[in-house]
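Have a look at entry_3.cif below; it lists mmCIF, C-alpha atoms and all ligand atoms.
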```cif
data_final
loop_
_atom_site.group_PDB
_atom_site.id
_atom_site.type_symbol
_atom_site.label_atom_id
_atom_site.label_comp_id
_atom_site.auth_asym_id
_atom_site.auth_seq_id
_atom_site.Cartn_x
_atom_site.Cartn_y
_atom_site.Cartn_z
ATOM 1 C CA MET A 38 -63.821 3.771 -12.984
ATOM 2 C CA ALA A 39 -63.496 0.341 -14.570
ATOM 3 C CA CYS A 40 -65.630 1.151 -17.629
ATOM 4 C CA ASP A 41 -63.295 3.982 -18.697
ATOM 5 C CA ARG A 42 -60.333 1.679 -18.459
ATOM 6 C CA TYR A 43 -62.010 -0.957 -20.624
ATOM 7 C CA ARG A 44 -63.376 1.553 -23.084
ATOM 8 C CA ARG A 45 -59.895 2.829 -23.912
ATOM 9 C CA LEU A 46 -59.030 -0.741 -24.954
ATOM 10 C CA LEU A 47 -62.024 -1.239 -27.282
ATOM 11 C CA PRO A 48 -60.184 -0.073 -30.445
ATOM 12 C CA ALA A 49 -57.352 -2.481 -29.644
ATOM 13 C CA LEU A 50 -59.912 -5.271 -29.109
ATOM 14 C CA SER A 51 -61.522 -4.487 -32.445
ATOM 15 C CA ASP A 52 -58.111 -4.465 -34.134
ATOM 16 C CA ARG A 53 -57.257 -7.868 -32.589
ATOM 17 C CA GLU A 54 -54.245 -6.390 -30.867
ATOM 18 C CA LEU A 55 -54.880 -7.598 -27.315
ATOM 19 C CA GLY A 56 -53.366 -10.703 -25.770
ATOM 20 C CA PRO A 57 -55.689 -13.567 -24.715
ATOM 21 C CA LEU A 58 -56.238 -12.451 -21.107
ATOM 22 C CA ARG A 59 -56.903 -8.765 -21.833
ATOM 23 C CA ARG A 60 -59.063 -9.767 -24.792
ATOM 24 C CA PHE A 61 -61.110 -11.956 -22.484
ATOM 25 C CA LEU A 62 -61.469 -9.241 -19.798
ATOM 26 C CA VAL A 63 -62.369 -6.446 -22.225
ATOM 27 C CA ALA A 64 -64.796 -8.631 -24.230
ATOM 28 C CA ARG A 65 -66.418 -9.826 -21.003
ATOM 29 C CA HIS A 66 -66.930 -6.230 -19.910
ATOM 30 C CA ALA A 67 -68.269 -5.233 -23.355
ATOM 31 C CA ILE A 68 -70.867 -8.022 -23.277
ATOM 32 C CA ARG A 69 -72.264 -6.705 -20.017
ATOM 33 C CA CYS A 70 -71.897 -2.928 -20.558
ATOM 34 C CA ALA A 71 -74.417 -1.306 -22.916
ATOM 35 C CA ALA A 72 -72.232 1.740 -23.676
ATOM 36 C CA CYS A 73 -69.149 -0.336 -24.466
ATOM 37 C CA SER A 74 -71.018 -2.923 -26.530
ATOM 38 C CA THR A 75 -72.534 -0.106 -28.638
ATOM 39 C CA GLU A 76 -69.106 1.427 -29.114
ATOM 40 C CA LEU A 77 -67.629 -1.941 -30.037
ATOM 41 C CA GLU A 78 -70.400 -2.536 -32.585
ATOM 42 C CA GLU A 79 -69.653 0.844 -34.170
ATOM 43 C CA LEU A 80 -65.949 0.029 -34.345
ATOM 44 C CA GLU A 81 -66.727 -3.323 -35.942
ATOM 45 C CA ALA A 82 -69.122 -1.710 -38.439
ATOM 46 C CA MET A 83 -66.425 0.748 -39.444
ATOM 47 C CA ARG A 84 -63.901 -2.046 -39.745
ATOM 48 C CA THR A 85 -66.243 -4.054 -41.985
ATOM 49 C CA ALA A 86 -67.011 -0.990 -44.109
ATOM 50 C CA LEU A 87 -63.294 -0.329 -44.570
ATOM 51 C CA ARG A 88 -62.773 -3.924 -45.570
ATOM 52 C CA THR A 89 -65.651 -4.259 -47.972
ATOM 53 C CA ARG A 90 -66.474 -0.814 -49.390
ATOM 54 C CA LEU A 91 -63.149 0.797 -50.178
ATOM 55 C CA THR A 92 -62.172 0.720 -53.821
ATOM 56 C CA TYR A 93 -58.714 -0.485 -54.603
ATOM 57 C CA HIS A 94 -56.610 0.390 -57.587
ATOM 58 C CA ARG A 95 -53.773 -1.674 -58.851
ATOM 59 C CA ALA A 96 -50.558 0.336 -58.602
ATOM 60 C CA PRO A 97 -49.137 1.203 -62.048
ATOM 61 C CA PRO A 98 -46.068 -0.797 -63.009
ATOM 62 C CA GLY A 99 -42.885 0.894 -61.896
ATOM 63 C CA LEU A 100 -44.493 2.792 -58.999
ATOM 64 C CA ALA A 101 -42.760 0.709 -56.355
ATOM 65 C CA ALA A 102 -39.438 1.305 -58.048
ATOM 66 C CA ARG A 103 -40.075 5.081 -58.240
ATOM 67 C CA ILE A 104 -41.028 5.194 -54.548
ATOM 68 C CA GLY A 105 -37.970 3.149 -53.712
ATOM 69 C CA SER A 106 -35.620 5.463 -55.550
ATOM 70 C CA ALA A 107 -37.248 8.572 -54.025
ATOM 71 C CA LEU A 108 -36.839 7.345 -50.459
ATOM 72 C CA PRO A 109 -33.582 7.813 -48.562
ATOM 73 C CA ARG A 110 -31.357 4.766 -48.794
ATOM 74 C CA GLU A 111 -31.731 2.338 -45.971
ATOM 75 C CA ALA A 112 -30.988 -1.341 -45.515
ATOM 76 C CA PRO A 113 -34.249 -3.221 -46.257
ATOM 77 C CA PRO A 114 -35.702 -5.134 -43.316
ATOM 78 C CA ALA A 115 -35.198 -8.883 -43.606
ATOM 79 C CA GLU A 116 -38.917 -9.613 -43.413
ATOM 80 C CA VAL A 117 -41.611 -7.013 -43.972
ATOM 81 C CA GLU A 118 -44.639 -7.473 -41.793
ATOM 82 C CA PRO A 119 -47.628 -5.614 -43.292
ATOM 83 C CA ARG A 120 -49.094 -4.234 -40.043
ATOM 84 C CA ARG A 121 -45.818 -2.787 -38.809
ATOM 85 C CA TRP A 122 -45.107 -1.431 -42.208
ATOM 86 C CA ALA A 123 -48.426 0.414 -42.372
ATOM 87 C CA ARG A 124 -47.778 2.477 -39.266
ATOM 88 C CA PRO A 125 -44.708 4.513 -40.152
ATOM 89 C CA ALA A 126 -46.348 5.279 -43.485
ATOM 90 C CA TRP A 127 -49.384 6.833 -41.781
ATOM 91 C CA THR A 128 -47.251 9.063 -39.564
ATOM 92 C CA LEU A 129 -45.664 10.602 -42.666
ATOM 93 C CA ALA A 130 -49.035 11.560 -44.192
ATOM 94 C CA GLY A 131 -48.940 14.729 -46.261
ATOM 95 C CA SER A 132 -46.710 13.926 -49.172
ATOM 96 C CA GLY A 133 -48.577 12.438 -52.121
ATOM 97 C CA LEU A 134 -45.868 9.884 -52.638
ATOM 98 C CA VAL A 135 -46.087 8.679 -49.066
ATOM 99 C CA GLY A 136 -49.881 8.735 -49.367
ATOM 100 C CA ALA A 137 -49.615 6.315 -52.261
ATOM 101 C CA LEU A 138 -47.264 4.163 -50.241
ATOM 102 C CA ALA A 139 -49.750 4.145 -47.354
ATOM 103 C CA GLY A 140 -52.465 3.090 -49.812
ATOM 104 C CA ILE A 141 -50.415 0.117 -50.875
ATOM 105 C CA ALA A 142 -49.709 -0.799 -47.269
ATOM 106 C CA LEU A 143 -53.427 -0.609 -46.444
ATOM 107 C CA THR A 144 -54.251 -2.890 -49.356
ATOM 108 C CA VAL A 145 -51.767 -5.434 -48.064
ATOM 109 C CA VAL A 146 -53.350 -5.308 -44.613
ATOM 110 C CA VAL A 147 -56.880 -5.598 -45.985
ATOM 111 C CA LEU A 148 -56.130 -8.505 -48.284
ATOM 112 C CA GLY A 149 -54.148 -10.186 -45.525
ATOM 113 C CA GLY A 150 -57.150 -9.852 -43.227
ATOM 114 C CA HIS A 151 -59.421 -11.479 -45.788
ATOM 115 C CA SER A 152 -57.374 -14.580 -46.370
ATOM 116 C CA ALA A 153 -56.751 -15.061 -42.652
ATOM 117 C CA GLY A 154 -60.437 -14.590 -41.710
ATOM 118 C CA GLY A 155 -61.496 -18.242 -41.534
ATOM 119 C CA ASP A 156 -58.393 -19.197 -39.653
ATOM 120 C CA ARG A 157 -58.914 -16.419 -37.119
ATOM 121 C CA GLU A 158 -62.485 -17.590 -36.555
ATOM 122 C CA LEU A 159 -61.318 -21.139 -35.835
ATOM 123 C CA GLN A 160 -58.647 -19.856 -33.471
ATOM 124 C CA GLY A 161 -61.307 -17.661 -31.868
ATOM 125 C CA VAL A 162 -63.572 -20.596 -31.031
ATOM 126 C CA ILE A 163 -60.629 -22.609 -29.698
ATOM 127 C CA ASP A 164 -59.539 -19.658 -27.516
ATOM 128 C CA SER A 165 -63.097 -19.285 -26.250
ATOM 129 C CA GLN A 166 -63.304 -22.988 -25.412
ATOM 130 C CA ILE A 167 -60.027 -22.808 -23.483
ATOM 131 C CA ARG A 168 -60.977 -19.544 -21.716
ATOM 132 C CA ALA A 169 -64.306 -20.972 -20.590
ATOM 133 C CA ARG A 170 -62.563 -24.020 -19.208
ATOM 134 C CA MET A 171 -59.805 -22.002 -17.477
ATOM 135 C CA ALA A 172 -62.298 -19.616 -15.896
ATOM 136 C CA ASP A 173 -64.549 -22.608 -15.050
ATOM 137 C CA HIS A 174 -67.307 -20.606 -16.718
ATOM 138 C CA LEU A 175 -69.038 -22.833 -19.248
ATOM 139 C CA THR A 176 -72.392 -21.077 -19.133
ATOM 140 C CA ASP A 177 -74.006 -17.724 -18.303
ATOM 141 C CA MET A 178 -77.354 -19.511 -18.263
ATOM 142 C CA PRO A 179 -76.928 -22.975 -16.734
ATOM 143 C CA THR A 180 -80.054 -24.972 -17.449
ATOM 144 C CA SER A 181 -80.983 -28.140 -19.285
ATOM 145 C CA ASP A 182 -84.246 -26.491 -20.394
ATOM 146 C CA GLN A 183 -84.090 -25.636 -24.097
ATOM 147 C CA HIS A 184 -87.092 -23.317 -23.669
ATOM 148 C CA THR A 185 -85.015 -21.157 -21.317
ATOM 149 C CA VAL A 186 -81.734 -21.148 -23.257
ATOM 150 C CA LYS A 187 -83.153 -20.283 -26.683
ATOM 151 C CA PRO A 188 -85.033 -17.093 -25.705
ATOM 152 C CA TRP A 189 -82.160 -16.039 -23.460
ATOM 153 C CA LEU A 190 -79.757 -16.167 -26.431
ATOM 154 C CA SER A 191 -82.253 -14.686 -28.909
ATOM 155 C CA ALA A 192 -82.768 -11.661 -26.653
ATOM 156 C CA ARG A 193 -79.038 -10.900 -26.812
ATOM 157 C CA LEU A 194 -78.200 -11.664 -30.428
ATOM 158 C CA PRO A 195 -79.389 -10.838 -33.941
ATOM 159 C CA ILE A 196 -79.790 -14.583 -34.617
ATOM 160 C CA SER A 197 -81.733 -17.379 -33.013
ATOM 161 C CA PRO A 198 -79.752 -20.631 -33.224
ATOM 162 C CA PRO A 199 -81.537 -23.960 -32.645
ATOM 163 C CA VAL A 200 -81.285 -25.346 -29.117
ATOM 164 C CA PRO A 201 -82.574 -28.925 -29.479
ATOM 165 C CA GLU A 202 -82.724 -31.336 -26.548
ATOM 166 C CA LEU A 203 -80.337 -34.136 -27.559
ATOM 167 C CA LYS A 204 -80.218 -36.144 -24.345
ATOM 168 C CA ASP A 205 -81.713 -39.206 -26.029
ATOM 169 C CA VAL A 206 -78.891 -39.289 -28.559
ATOM 170 C CA GLY A 207 -76.159 -38.824 -25.948
ATOM 171 C CA PHE A 208 -75.766 -35.031 -25.794
ATOM 172 C CA PRO A 209 -77.574 -33.569 -22.777
ATOM 173 C CA LEU A 210 -77.978 -29.770 -22.819
ATOM 174 C CA VAL A 211 -75.954 -27.914 -20.162
ATOM 175 C CA GLY A 212 -76.802 -24.266 -20.889
ATOM 176 C CA GLY A 213 -75.828 -21.227 -22.927
ATOM 177 C CA ARG A 214 -73.431 -18.311 -22.818
ATOM 178 C CA MET A 215 -72.518 -15.200 -24.800
ATOM 179 C CA ASP A 216 -69.063 -14.584 -26.167
ATOM 180 C CA PHE A 217 -67.197 -12.406 -28.638
ATOM 181 C CA ILE A 218 -65.405 -14.343 -31.359
ATOM 182 C CA ASP A 219 -63.248 -12.340 -33.735
ATOM 183 C CA GLY A 220 -65.174 -9.239 -32.618
ATOM 184 C CA ARG A 221 -68.623 -10.759 -33.266
ATOM 185 C CA PRO A 222 -71.301 -11.306 -30.638
ATOM 186 C CA THR A 223 -71.630 -15.090 -30.552
ATOM 187 C CA ALA A 224 -74.117 -17.550 -29.072
ATOM 188 C CA VAL A 225 -72.572 -20.574 -27.389
ATOM 189 C CA VAL A 226 -74.882 -23.507 -26.673
ATOM 190 C CA VAL A 227 -73.215 -25.962 -24.330
ATOM 191 C CA TYR A 228 -73.806 -29.726 -24.337
ATOM 192 C CA ARG A 229 -72.113 -32.682 -22.734
ATOM 193 C CA HIS A 230 -71.095 -35.975 -24.284
ATOM 194 C CA GLY A 231 -69.909 -38.382 -21.591
ATOM 195 C CA LYS A 232 -67.111 -36.528 -19.834
ATOM 196 C CA HIS A 233 -66.598 -34.158 -22.760
ATOM 197 C CA VAL A 234 -67.990 -30.661 -23.204
ATOM 198 C CA VAL A 235 -69.412 -29.877 -26.650
ATOM 199 C CA ASN A 236 -69.735 -26.175 -27.513
ATOM 200 C CA LEU A 237 -71.885 -25.041 -30.418
ATOM 201 C CA TYR A 238 -70.842 -21.559 -31.607
ATOM 202 C CA ALA A 239 -73.296 -19.612 -33.763
ATOM 203 C CA TRP A 240 -73.121 -16.123 -35.227
ATOM 204 C CA ALA A 241 -74.735 -14.183 -38.055
ATOM 205 C CA ALA A 242 -72.983 -15.329 -41.249
ATOM 206 C CA THR A 243 -71.436 -12.658 -43.451
ATOM 207 C CA ALA A 244 -72.150 -14.693 -46.620
ATOM 208 C CA ALA A 245 -75.592 -16.038 -47.467
ATOM 209 C CA ALA A 246 -74.887 -19.360 -49.210
ATOM 210 C CA ASP A 247 -75.088 -22.555 -47.138
ATOM 211 C CA THR A 248 -71.924 -24.650 -46.927
ATOM 212 C CA ALA A 249 -71.350 -28.354 -46.240
ATOM 213 C CA PHE A 250 -69.707 -29.725 -43.077
ATOM 214 C CA ARG A 251 -65.982 -29.049 -42.880
ATOM 215 C CA THR A 252 -63.947 -30.859 -40.235
ATOM 216 C CA THR A 253 -60.749 -29.585 -38.647
ATOM 217 C CA ARG A 254 -58.574 -30.744 -35.786
ATOM 218 C CA ARG A 255 -56.620 -28.182 -33.801
ATOM 219 C CA GLN A 256 -54.928 -28.086 -30.379
ATOM 220 C CA GLY A 257 -56.564 -31.347 -29.375
ATOM 221 C CA PHE A 258 -60.070 -30.245 -30.367
ATOM 222 C CA ASN A 259 -62.244 -31.482 -33.200
ATOM 223 C CA ILE A 260 -64.220 -28.815 -35.029
ATOM 224 C CA VAL A 261 -67.123 -29.208 -37.455
ATOM 225 C CA SER A 262 -68.001 -25.964 -39.287
ATOM 226 C CA TRP A 263 -70.867 -25.168 -41.627
ATOM 227 C CA ARG A 264 -73.172 -22.370 -42.676
ATOM 228 C CA GLN A 265 -76.932 -22.762 -42.779
ATOM 229 C CA SER A 266 -79.771 -20.251 -43.269
ATOM 230 C CA GLY A 267 -77.643 -17.193 -42.540
ATOM 231 C CA ILE A 268 -75.917 -18.608 -39.458
ATOM 232 C CA ALA A 269 -72.273 -19.712 -39.248
ATOM 233 C CA TYR A 270 -71.849 -22.737 -36.951
ATOM 234 C CA HIS A 271 -68.780 -24.286 -35.331
ATOM 235 C CA ALA A 272 -69.214 -27.367 -33.139
ATOM 236 C CA VAL A 273 -66.113 -27.827 -30.963
ATOM 237 C CA SER A 274 -65.170 -30.622 -28.572
ATOM 238 C CA ASP A 275 -62.370 -32.896 -27.474
ATOM 239 C CA CYS A 276 -64.716 -35.879 -27.954
ATOM 240 C CA GLU A 277 -64.146 -38.294 -30.873
ATOM 241 C CA ALA A 278 -64.607 -36.876 -34.378
ATOM 242 C CA ASP A 279 -67.414 -39.366 -35.217
ATOM 243 C CA ALA A 280 -69.465 -38.329 -32.203
ATOM 244 C CA LEU A 281 -69.005 -34.645 -32.996
ATOM 245 C CA MET A 282 -70.147 -35.244 -36.573
ATOM 246 C CA ARG A 283 -73.305 -36.964 -35.258
ATOM 247 C CA PHE A 284 -73.863 -33.956 -33.019
ATOM 248 C CA ALA A 285 -73.461 -31.528 -35.960
ATOM 249 C CA GLN A 286 -75.969 -33.553 -37.986
ATOM 250 C CA GLU A 287 -78.492 -33.348 -35.140
ATOM 251 C CA ILE A 288 -78.076 -29.566 -34.984
ATOM 252 C CA GLU A 289 -78.415 -29.250 -38.747
ATOM 253 C CA ARG A 290 -81.606 -31.308 -38.624
ATOM 254 C CA ALA A 291 -83.004 -29.147 -35.816
ATOM 255 C CA ALA A 292 -82.102 -25.955 -37.708
ATOM 256 C CA THR A 293 -83.892 -27.273 -40.793
ATOM 257 C CA GLY A 294 -86.995 -28.035 -38.769
ATOM 258 C CA SER A 295 -87.161 -24.709 -36.911
HETATM 259 ZN ZN ZN A 301 -68.232 -0.117 -20.299
#
```

Represent the structure of the file as structure tokens.
Amino acid sequence: MACDRYRRLLPALSDRELGPLRRFLVARHAIRCAACSTELEELEAMRTALRTRLTYHRAPPGLAARIGSALPREAPPAEVEPRRWARPAWTLAGSGLVGALAGIALTVVVLGGHSAGGDRELQGVIDSQIRARMADHLTDMPTSDQHTVKPWLSARLPISPPVPELKDVGFPLVGGRMDFIDGRPTAVVVYRHGKHVVNLYAWAATAAADTAFRTTRRQGFNIVSWRQSGIAYHAVSDCEADALMRFAQEIERAATGS
């Protein structure tokens, strides 16, 4: 049955190894299937634990050279990609030397993941915006009633983002939907500004401290990102940057008031 097929792909989803279409299909199934969403949460928890709780030791000087001289001679690859490199090392588990090599490879992957985190999040919200548009599926809960959207999102997420009515300032509410961004369950509150769609993405922040507005432009979209009271926000739209900044300020004000 369909669930089995999707469930086999959950580890690949969690490891960010699926292409955009499969990622969309598997994530969409996981949002709606209790068993798969539980399994995905467990995978994500393990991933986070691996990232944050493992202790790392700096390799002693000369170790790389010793490993190099112990390995059979082979032309070095032109460009070493950490993820690919990690795999052959794991399959040779058993020898202490190779174990050490695998440890180094893992460290490279983990550190790489850290530095790329913010970028992946931004790409995630852009992908989501494009997916929603392609599938003509802006909302799971189409309503301009903030008192319907907010509880609908709160019931499905560990956070409760503000859903202010901003019609008077040029941003009528269109509805809400659920998504997975970078493996995280995410609330998407959808507004309009003229002919433009404005998506507000909100998920539980991994760091506590609030951050100021940060603006980015990518693939024709403007993005305003900030963190406030334990929630990470990204406002995304192809409307003008000034208008999006006004929108972000309205949301920040509403979040302060609620
Ligand atoms: Zn399922």

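With CA of Tyr238 (chain A) on one side and CA of Asp219 (chain A) on the other, the separation reads 12.1 Å.
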
If you count all atoms listed in the file, which residues fall within 12 Å of Pro201 (chain A), apart from same-chain ones fewer than 6 positions away, as number ranges by chain? A: 181-187, 208-212, 226-228, 237, 284-295

Keeping C-alpha atoms, export the residues of the selection given above as a PDB file, in the coordinates of the input.
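selection_27.pdb, freshly written:
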```pdb
ATOM      1  CA  SER A 181     -80.983 -28.140 -19.285  1.00  0.00           C
ATOM      2  CA  ASP A 182     -84.246 -26.491 -20.394  1.00  0.00           C
ATOM      3  CA  GLN A 183     -84.090 -25.636 -24.097  1.00  0.00           C
ATOM      4  CA  HIS A 184     -87.092 -23.317 -23.669  1.00  0.00           C
ATOM      5  CA  THR A 185     -85.015 -21.157 -21.317  1.00  0.00           C
ATOM      6  CA  VAL A 186     -81.734 -21.148 -23.257  1.00  0.00           C
ATOM      7  CA  LYS A 187     -83.153 -20.283 -26.683  1.00  0.00           C
ATOM      8  CA  PHE A 208     -75.766 -35.031 -25.794  1.00  0.00           C
ATOM      9  CA  PRO A 209     -77.574 -33.569 -22.777  1.00  0.00           C
ATOM     10  CA  LEU A 210     -77.978 -29.770 -22.819  1.00  0.00           C
ATOM     11  CA  VAL A 211     -75.954 -27.914 -20.162  1.00  0.00           C
ATOM     12  CA  GLY A 212     -76.802 -24.266 -20.889  1.00  0.00           C
ATOM     13  CA  VAL A 226     -74.882 -23.507 -26.673  1.00  0.00           C
ATOM     14  CA  VAL A 227     -73.215 -25.962 -24.330  1.00  0.00           C
ATOM     15  CA  TYR A 228     -73.806 -29.726 -24.337  1.00  0.00           C
ATOM     16  CA  LEU A 237     -71.885 -25.041 -30.418  1.00  0.00           C
ATOM     17  CA  PHE A 284     -73.863 -33.956 -33.019  1.00  0.00           C
ATOM     18  CA  ALA A 285     -73.461 -31.528 -35.960  1.00  0.00           C
ATOM     19  CA  GLN A 286     -75.969 -33.553 -37.986  1.00  0.00           C
ATOM     20  CA  GLU A 287     -78.492 -33.348 -35.140  1.00  0.00           C
ATOM     21  CA  ILE A 288     -78.076 -29.566 -34.984  1.00  0.00           C
ATOM     22  CA  GLU A 289     -78.415 -29.250 -38.747  1.00  0.00           C
ATOM     23  CA  ARG A 290     -81.606 -31.308 -38.624  1.00  0.00           C
ATOM     24  CA  ALA A 291     -83.004 -29.147 -35.816  1.00  0.00           C
ATOM     25  CA  ALA A 292     -82.102 -25.955 -37.708  1.00  0.00           C
ATOM     26  CA  THR A 293     -83.892 -27.273 -40.793  1.00  0.00           C
ATOM     27  CA  GLY A 294     -86.995 -28.035 -38.769  1.00  0.00           C
ATOM     28  CA  SER A 295     -87.161 -24.709 -36.911  1.00  0.00           C
TER      29      SER A 295
END
```

Target residues per the PyMOL selection byres (((not hetatm)) within 8 of (chain A and resi 301)), formatted as a ChimeraX atom specification: /A:39-41,43-44,66-67,69-74

Considering only C-alpha atoms, can you say which of A:Leu58, A:Val235, A:Ala49, A:Leu190 comes closest to Thr223 (chain A)? A:Leu190

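The gap separating CA of Ala269 (chain A) from CA of Ala242 (chain A) is 4.9 Å, in Å to one decimal.
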
Report the residues retrieved by the PyMOL selection byres (((chain A and resi 280) around 12) and not hetatm) from the displayed file, expressed as a list in words. Val206, Gly207, Phe208, Arg229, His230, Gly231, His233, Val234, Val235, Asn259, Ile260, Val261, Ala272, Val273, Ser274, Asp275, Cys276, Glu277, Ala278, Asp279, Leu281, Met282, Arg283, Phe284, Ala285, Gln286 and Glu287 of chain A

Shortest contact to Ala224 (chain A), candidates A:Thr243, A:Trp189, A:Asp205, A:Arg254, atoms counted only C-alpha atoms, goes to A:Trp189

Grab the CA of Arg264 (chain A) to CA of Glu78 (chain A) distance for me, in Å with one decimal place. 22.4 Å

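Residue nearest Phe258 (chain A), chosen from A:Ile167, A:Ala101, A:Asp216, A:Pro195 and counting all atoms listed in the file: A:Ile167.
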
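Of the listed residues (A:Arg84, A:Lys232, A:His271, A:Arg53), A:His271 comes nearest to Gln166 (chain A); the distances count all atoms listed in the file.
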
Once the PyMOL selection byres (((chain A and resi 244) around 12) and not hetatm) has been applied to the shown file, what residues remain in the selection, as a ChimeraX atom specification? /A:240-243,245-248,263-269

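Minimum atom-to-atom distance to Arg157 (chain A), evaluated using all atoms listed in the file, belongs to A:Arg221 out of A:Arg251, A:Lys204, A:Arg221, A:Arg65.
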
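Residue nearest Ala64 (chain A), chosen from A:Pro222, A:Pro198, A:Pro97, A:Gly257 and counting all atoms listed in the file: A:Pro222.
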
Produce the centre coordinates and the three edge lengths, each in Å to one decimal, of the box along x, y and z that contains all listed atoms of region 281-286 of chain A with 3 Å added on each side, as AutoDock Vina command-line options.
```
--center_x -72.5 --center_y -34.2 --center_z -35.5 --size_x 13.0 --size_y 11.4 --size_z 11.0
```
